[in-house]
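*Asks:* This structure is in structure tokens; I'll ask about it shortly.
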Amino acid sequence: MNRYSAFSLLRNALSHNRNWRAAWRSPEPKKSYDAIVVGGGGHGLATAYYLAKEHGIRNVAVLEKGWIGGGNTGRNTTIVRSNYLWTEAALLYEKSMQLWEGLSQDLNYNVMFSQRGVYNLGHSLQDMRDIERRVNANRLNGIDAEVVSAAELGKAIPCLNVSPAARYPVLGASLQRRGGVARHDAVAWGFARAADALGVDIIEQCAVTGIDVSGGKAVGIQTTRGPIASDRIGVVVAGNAGVLAQMADLRLPIESHPLQAFVSEPIKPVLDTVVMSGAVHGYISQSDKGELVIGAGIDAYNGYGQRGSFPVIEHAMQAIVELFPVFSRVRMLRVWGGIVDVAPDACPILSKTPVAGLYFNCGWGTGGFKATPGSGWVFAHTMAHDEAHELNAPFSLERFSTGALVDEHGAAAVAH
Ligand code: FAD
Ligand code: PYC
């Protein structure tokens, strides 16, 4: 009998879900693994999944100090796009986009990827020149991109204020039709279930407290559930990357900042696409439940508390009400923050380190949700072969000494 049938659902409901099979096991940590991934966010889980699926490395543990997806993965505004300016970044994010396009089928789990289009608004002649440049660059890289006028925007998004009388009038936008949103929790759960099915141990409530290095090589880690040996350790902890690096006597060029988001009460469907404005500092989409999902620019100070300050909330609300005056009377339900790991060029670090067998995946800052599958895919390659894939070779730590930075502050599209 199909276990998802109505009968099965009824039986589970009447038995208080006692026989409901857990989507992933909850094993005790083993004494050693062929590979350890520290951090059970989307990127860590995707890394473990692709290590098992693409490279046959299945004796793998994912160690998560809290619950999987409880970090930035479950706190973001779920925008997915690949419209970055420079070829190095565009190809990495486009690899991710291609994986998103088959992800629900690959994981056999509905991640609710909805390609409803992403608009990045321009409010000045300089914005519009930058938009044209980025759209042309995207097309040269085979990535779908269009420039749309204010009049076209007004037709496509009737509740957007395109009046020339606005404080920062909307002059046009870039549009990536293949961009959109996905259900963030489902991404973590889908990767977790699929990795577990391939033999990966997902261990929650297990904080890494030390990294053991001997003779310049990683040999294991210390955790709140005892020591675990491994000579292949990938650290994927976003805003905590600097803390983990310190455990191996490394320093990363990363700053940790709060980034806030909000949801409103649910309202009837009114916005069927994603709108971002880096100039007025706000972005918005509407969830399937009807809530407006809204995000802000980063809080400028450094910190590790998963909350931000009131002026940033006020600023983002002003931006959204200016763009969408019709939302001025919608009530907000919740606000929260995540800690984002910002690198000097607003690009990720996917790299080997001076410690053999120790790898870092971080620096995604305000924009790593969209990269979740691609990041896991290239990082698994790096950990499996002790060598970067050509897609992540430009994102090694060496770039901070050679100066070969890939400046994506513009396409990051969130105020830094
Ligand atoms: P996380 O999901 O943070 O996972 C890291 C995990 O490591 C955490 O679960 C943490 O508990 C664990 N950890 C930390 N220290 C330890 C330790 N010592 N031992 C064990 N585990 C540890 N990106 C987009 O592309 N689009 C968006 O719309 C978008 N909006 C955002 C909005 C907000 C408000 C925020 C905060 C971020 C947003 N981002 C967005 C960025 C995106 O969320 C992140 O870049 C991405 O989710 C990072 O995923 P991750 O798996 O690397 O990190
Ligand atoms: O990178 O697209 C993005 C993004 C949107 C909101 C926060 N980051």
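Letters A, B, ... mark the chains of the structure tokens in the order given; residue numbers begin at 1 per chain; ligand numbers begin at 1, in order shown.
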Assign secondary structure with DSSP using the backbone only, and return the residues of range 203-409 of chain A in strand (DSSP E) as a PyMOL selection string.
*Replies:* chain A and resi 203+208-214+217-223+228-229+233-235+255-264+274-277+282-286+292-298+332-342+349-352+358-362
*Asks:* Counting only C-alpha atoms and all ligand atoms, which residues of chain A fall within 7 Å of ligand 1, and what is the closest atom pair for each with its distance in Å at one decimal, ordered by chain and rising number, as a tab-separated table?
*Replies:*
```
residue	atom	partner	partner_atom_place_in_ligand_line	distance
A:Val38	CA	ligand 1	20 (C)	5.3
A:Gly39	CA	ligand 1	7 (O)	3.4
A:Gly40	CA	ligand 1	9 (O)	4.9
A:Gly41	CA	ligand 1	4 (O)	3.3
A:Gly42	CA	ligand 1	51 (O)	4.0
A:His43	CA	ligand 1	51 (O)	3.8
A:Gly44	CA	ligand 1	51 (O)	5.5
A:Leu63	CA	ligand 1	20 (C)	5.3
A:Glu64	CA	ligand 1	21 (N)	3.8
A:Lys65	CA	ligand 1	20 (C)	3.9
A:Gly66	CA	ligand 1	11 (O)	5.1
A:Trp67	CA	ligand 1	9 (O)	6.5
A:Ile68	CA	ligand 1	9 (O)	5.6
A:Gly69	CA	ligand 1	2 (O)	5.4
A:Gly70	CA	ligand 1	9 (O)	5.0
A:Gly71	CA	ligand 1	3 (O)	3.6
A:Asn72	CA	ligand 1	3 (O)	3.7
A:Thr73	CA	ligand 1	2 (O)	3.6
A:Gly74	CA	ligand 1	2 (O)	6.5
A:Arg75	CA	ligand 1	34 (C)	5.4
A:Asn76	CA	ligand 1	32 (C)	3.4
A:Thr77	CA	ligand 1	28 (O)	3.8
A:Thr78	CA	ligand 1	28 (O)	4.1
A:Ile79	CA	ligand 1	28 (O)	3.6
A:Val80	CA	ligand 1	25 (O)	5.6
A:Cys206	CA	ligand 1	20 (C)	6.1
A:Ala207	CA	ligand 1	19 (N)	3.6
A:Val208	CA	ligand 1	19 (N)	3.8
A:Thr209	CA	ligand 1	18 (N)	5.8
A:Val236	CA	ligand 1	52 (O)	5.4
A:Val237	CA	ligand 1	7 (O)	3.6
A:Ala238	CA	ligand 1	53 (O)	4.5
A:Gly239	CA	ligand 1	3 (O)	6.5
A:Asn240	CA	ligand 1	15 (N)	5.2
A:Leu244	CA	ligand 1	18 (N)	6.4
A:Pro258	CA	ligand 1	36 (C)	6.8
A:Leu259	CA	ligand 1	36 (C)	4.7
A:Gln260	CA	ligand 1	34 (C)	4.2
A:Ala261	CA	ligand 1	34 (C)	4.4
A:Gly295	CA	ligand 1	32 (C)	6.1
A:Gly337	CA	ligand 1	34 (C)	5.4
A:Gly338	CA	ligand 1	36 (C)	3.5
A:Ile339	CA	ligand 1	36 (C)	5.6
A:Val340	CA	ligand 1	36 (C)	5.8
A:Cys362	CA	ligand 1	52 (O)	6.2
A:Trp364	CA	ligand 1	45 (O)	4.6
A:Gly365	CA	ligand 1	45 (O)	5.2
A:Thr366	CA	ligand 1	41 (C)	4.2
A:Gly367	CA	ligand 1	23 (N)	3.4
A:Gly368	CA	ligand 1	45 (O)	3.0
A:Phe369	CA	ligand 1	25 (O)	3.5
A:Lys370	CA	ligand 1	25 (O)	3.8
A:Ala371	CA	ligand 1	25 (O)	6.3
A:Thr372	CA	ligand 1	49 (O)	6.8
```
*Asks:* Leaving out Glu255 in chain A and any residue of its chain fewer than 2 positions from it, which residues lie within 7 Å of it when counting only C-alpha atoms, given as a PyMOL selection string?
*Replies:* chain A and resi 253+257+302+341-343
*Asks:* Residues of the last selection are to be written out with all heavy atoms, as an mmCIF file, in the first residue's frame.
*Replies:*
```cif
data_model
loop_
_atom_site.group_PDB
_atom_site.id
_atom_site.type_symbol
_atom_site.label_atom_id
_atom_site.label_comp_id
_atom_site.auth_asym_id
_atom_site.auth_seq_id
_atom_site.Cartn_x
_atom_site.Cartn_y
_atom_site.Cartn_z
ATOM 1 N N PRO A 253 39.472 36.267 6.057
ATOM 2 C CA PRO A 253 39.061 37.657 5.800
ATOM 3 C C PRO A 253 37.542 37.766 5.779
ATOM 4 O O PRO A 253 36.938 38.122 4.776
ATOM 5 C CB PRO A 253 39.673 37.933 4.420
ATOM 6 C CG PRO A 253 39.710 36.597 3.762
ATOM 7 C CD PRO A 253 39.882 35.572 4.838
ATOM 8 N N HIS A 257 28.048 39.707 10.287
ATOM 9 C CA HIS A 257 27.065 40.781 10.494
ATOM 10 C C HIS A 257 25.663 40.191 10.626
ATOM 11 O O HIS A 257 25.336 39.218 9.928
ATOM 12 C CB HIS A 257 27.004 41.704 9.264
ATOM 13 C CG HIS A 257 28.192 42.565 9.072
ATOM 14 N ND1 HIS A 257 28.301 43.816 9.625
ATOM 15 C CD2 HIS A 257 29.325 42.364 8.351
ATOM 16 C CE1 HIS A 257 29.447 44.357 9.257
ATOM 17 N NE2 HIS A 257 30.089 43.503 8.492
ATOM 18 N N ASN A 302 29.507 44.368 13.674
ATOM 19 C CA ASN A 302 29.779 42.929 13.726
ATOM 20 C C ASN A 302 29.095 42.327 14.944
ATOM 21 O O ASN A 302 28.948 43.003 15.963
ATOM 22 C CB ASN A 302 31.286 42.667 13.833
ATOM 23 C CG ASN A 302 32.048 43.220 12.636
ATOM 24 O OD1 ASN A 302 33.046 43.886 12.789
ATOM 25 N ND2 ASN A 302 31.543 42.961 11.446
ATOM 26 N N ASP A 341 28.281 35.922 6.757
ATOM 27 C CA ASP A 341 29.744 35.920 6.725
ATOM 28 C C ASP A 341 30.194 36.641 5.462
ATOM 29 O O ASP A 341 30.170 36.081 4.371
ATOM 30 C CB ASP A 341 30.261 34.477 6.745
ATOM 31 C CG ASP A 341 29.442 33.522 5.856
ATOM 32 O OD1 ASP A 341 28.267 33.822 5.578
ATOM 33 O OD2 ASP A 341 29.991 32.491 5.428
ATOM 34 N N VAL A 342 30.625 37.890 5.634
ATOM 35 C CA VAL A 342 30.870 38.741 4.477
ATOM 36 C C VAL A 342 32.374 38.809 4.156
ATOM 37 O O VAL A 342 33.184 39.171 5.005
ATOM 38 C CB VAL A 342 30.322 40.163 4.746
ATOM 39 C CG1 VAL A 342 30.592 41.074 3.562
ATOM 40 C CG2 VAL A 342 28.825 40.103 5.041
ATOM 41 N N ALA A 343 32.729 38.478 2.919
ATOM 42 C CA ALA A 343 34.122 38.572 2.449
ATOM 43 C C ALA A 343 34.319 39.926 1.762
ATOM 44 O O ALA A 343 33.351 40.552 1.326
ATOM 45 C CB ALA A 343 34.416 37.420 1.480
#
```
*Asks:* CA of Lys289 in chain A and CA of Val181 in chain A are how many Å apart?
*Replies:* 13.6 Å
*Asks:* Taking only C-alpha atoms into account, name the residue in A:Gly117, A:Pro164, A:Gly303, A:Gly216 that is nearest to Gln176 in chain A.
*Replies:*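 Of A:Gly117, A:Pro164, A:Gly303, A:Gly216, the one nearest Gln176 in chain A is A:Gly117, counting only C-alpha atoms.
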*Asks:* If we count only C-alpha atoms, what is near range 382-384 of chain A at a cut-off of 8 Å, once residues fewer than 3 positions away on the same chain are taken out, given as a PyMOL selection string?
*Replies:* chain A and resi 51+55+57+232-234+351-352+357+359+378-379+387-389
*Asks:* Please, could you write that set of residues out with all heavy atoms as a short mmCIF file (atom, residue, chain, number, x, y, z; two decimals), in the first residue's frame?
*Replies:*
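Result file part-v8.cif:
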```cif
data_model
loop_
_atom_site.label_atom_id
_atom_site.label_comp_id
_atom_site.auth_asym_id
_atom_site.auth_seq_id
_atom_site.Cartn_x
_atom_site.Cartn_y
_atom_site.Cartn_z
N LEU A 51 28.98 14.30 -1.77
CA LEU A 51 30.13 13.42 -1.47
C LEU A 51 29.70 11.97 -1.64
O LEU A 51 30.43 11.16 -2.24
CB LEU A 51 30.60 13.62 -0.02
CG LEU A 51 31.64 14.71 0.26
CD1 LEU A 51 31.83 14.91 1.76
CD2 LEU A 51 32.99 14.40 -0.41
N HIS A 55 30.71 10.99 -5.46
CA HIS A 55 32.09 10.55 -5.25
C HIS A 55 32.17 9.23 -4.47
O HIS A 55 33.27 8.79 -4.13
CB HIS A 55 32.89 11.65 -4.53
CG HIS A 55 32.83 12.97 -5.26
ND1 HIS A 55 33.55 13.21 -6.39
CD2 HIS A 55 32.06 14.06 -5.06
CE1 HIS A 55 33.26 14.43 -6.84
NE2 HIS A 55 32.36 14.97 -6.05
N ILE A 57 31.72 8.58 -1.47
CA ILE A 57 32.25 8.66 -0.09
C ILE A 57 31.04 8.72 0.85
O ILE A 57 30.40 9.76 0.98
CB ILE A 57 33.17 9.88 0.08
CG1 ILE A 57 34.33 9.80 -0.93
CG2 ILE A 57 33.70 9.99 1.51
CD1 ILE A 57 35.24 11.02 -0.93
N ARG A 232 39.67 14.28 6.72
CA ARG A 232 39.04 15.11 5.68
C ARG A 232 37.88 15.86 6.36
O ARG A 232 36.84 15.28 6.65
CB ARG A 232 38.51 14.19 4.59
CG ARG A 232 38.20 14.92 3.34
CD ARG A 232 37.90 14.05 2.14
NE ARG A 232 38.00 12.62 2.23
CZ ARG A 232 38.39 11.83 1.25
NH1 ARG A 232 38.77 12.34 0.11
NH2 ARG A 232 38.41 10.52 1.39
N ILE A 233 38.10 17.16 6.61
CA ILE A 233 37.12 17.92 7.38
C ILE A 233 36.71 19.17 6.60
O ILE A 233 37.55 20.00 6.24
CB ILE A 233 37.71 18.34 8.75
CG1 ILE A 233 38.08 17.09 9.56
CG2 ILE A 233 36.72 19.21 9.54
CD1 ILE A 233 38.95 17.37 10.76
N GLY A 234 35.42 19.29 6.32
CA GLY A 234 34.90 20.47 5.62
C GLY A 234 34.11 21.32 6.61
O GLY A 234 33.22 20.82 7.29
N SER A 351 37.49 26.54 -0.38
CA SER A 351 38.94 26.47 -0.49
C SER A 351 39.59 25.42 0.41
O SER A 351 39.09 25.09 1.48
CB SER A 351 39.49 27.85 -0.09
OG SER A 351 40.86 27.95 -0.29
N LYS A 352 40.73 24.93 -0.08
CA LYS A 352 41.66 24.23 0.79
C LYS A 352 42.25 25.27 1.75
O LYS A 352 42.09 26.49 1.50
CB LYS A 352 42.79 23.63 -0.05
CG LYS A 352 42.34 22.56 -1.01
CD LYS A 352 43.39 22.21 -2.04
CE LYS A 352 44.58 21.52 -1.42
NZ LYS A 352 45.47 20.92 -2.46
N GLY A 357 43.90 18.65 4.47
CA GLY A 357 42.68 17.93 4.82
C GLY A 357 41.63 18.79 5.50
O GLY A 357 40.58 18.28 5.89
N TYR A 359 39.14 22.05 4.95
CA TYR A 359 38.57 22.85 3.86
C TYR A 359 37.53 23.81 4.44
O TYR A 359 36.80 23.44 5.37
CB TYR A 359 37.89 21.93 2.83
CG TYR A 359 38.77 20.79 2.37
CD1 TYR A 359 38.82 19.60 3.09
CD2 TYR A 359 39.58 20.92 1.24
CE1 TYR A 359 39.65 18.56 2.70
CE2 TYR A 359 40.41 19.88 0.83
CZ TYR A 359 40.44 18.70 1.57
OH TYR A 359 41.26 17.67 1.19
N VAL A 378 30.34 21.65 -5.79
CA VAL A 378 31.77 21.92 -6.02
C VAL A 378 32.60 21.64 -4.77
O VAL A 378 33.75 21.22 -4.86
CB VAL A 378 32.04 23.37 -6.52
CG1 VAL A 378 31.46 23.61 -7.89
CG2 VAL A 378 31.60 24.43 -5.53
N PHE A 379 32.00 21.87 -3.60
CA PHE A 379 32.78 21.65 -2.36
C PHE A 379 33.01 20.15 -2.15
O PHE A 379 34.08 19.74 -1.69
CB PHE A 379 32.05 22.28 -1.18
CG PHE A 379 32.94 22.50 0.02
CD1 PHE A 379 34.14 23.19 -0.10
CD2 PHE A 379 32.58 22.02 1.28
CE1 PHE A 379 34.97 23.40 1.01
CE2 PHE A 379 33.39 22.21 2.39
CZ PHE A 379 34.59 22.91 2.25
N GLU A 387 41.28 19.05 -4.33
CA GLU A 387 41.59 19.97 -5.42
C GLU A 387 40.30 20.68 -5.81
O GLU A 387 39.25 20.03 -5.89
CB GLU A 387 42.08 19.15 -6.60
CG GLU A 387 42.77 19.93 -7.68
CD GLU A 387 43.38 18.97 -8.69
OE1 GLU A 387 42.63 18.51 -9.58
OE2 GLU A 387 44.57 18.67 -8.55
N ALA A 388 40.39 21.98 -6.09
CA ALA A 388 39.17 22.70 -6.48
C ALA A 388 38.67 22.21 -7.84
O ALA A 388 39.45 21.82 -8.70
CB ALA A 388 39.46 24.19 -6.57
N HIS A 389 37.35 22.23 -8.03
CA HIS A 389 36.76 22.08 -9.36
C HIS A 389 37.02 23.39 -10.10
O HIS A 389 37.21 24.43 -9.47
CB HIS A 389 35.26 21.84 -9.19
CG HIS A 389 34.55 21.53 -10.47
ND1 HIS A 389 34.06 22.52 -11.29
CD2 HIS A 389 34.26 20.35 -11.08
CE1 HIS A 389 33.50 21.97 -12.35
NE2 HIS A 389 33.61 20.65 -12.25
#
```
*Asks:* Calculated over only C-alpha atoms, which of the candidates A:Asp345, A:Asp196, A:Glu146, A:Asp106 has the smallest distance to Ala52 in chain A?
*Replies:*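 Of all the options, A:Asp196 lies closest to Ala52 in chain A.
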*Asks:* Excluding same-chain residues fewer than 2 positions from range 170-174 of chain A, what lies within 10 Å of it counting only C-alpha atoms, as a PyMOL selection string?
*Replies:* chain A and resi 83+118-125+127-128+130-132+134-135+145-154+160-168+176-177+275-277+323
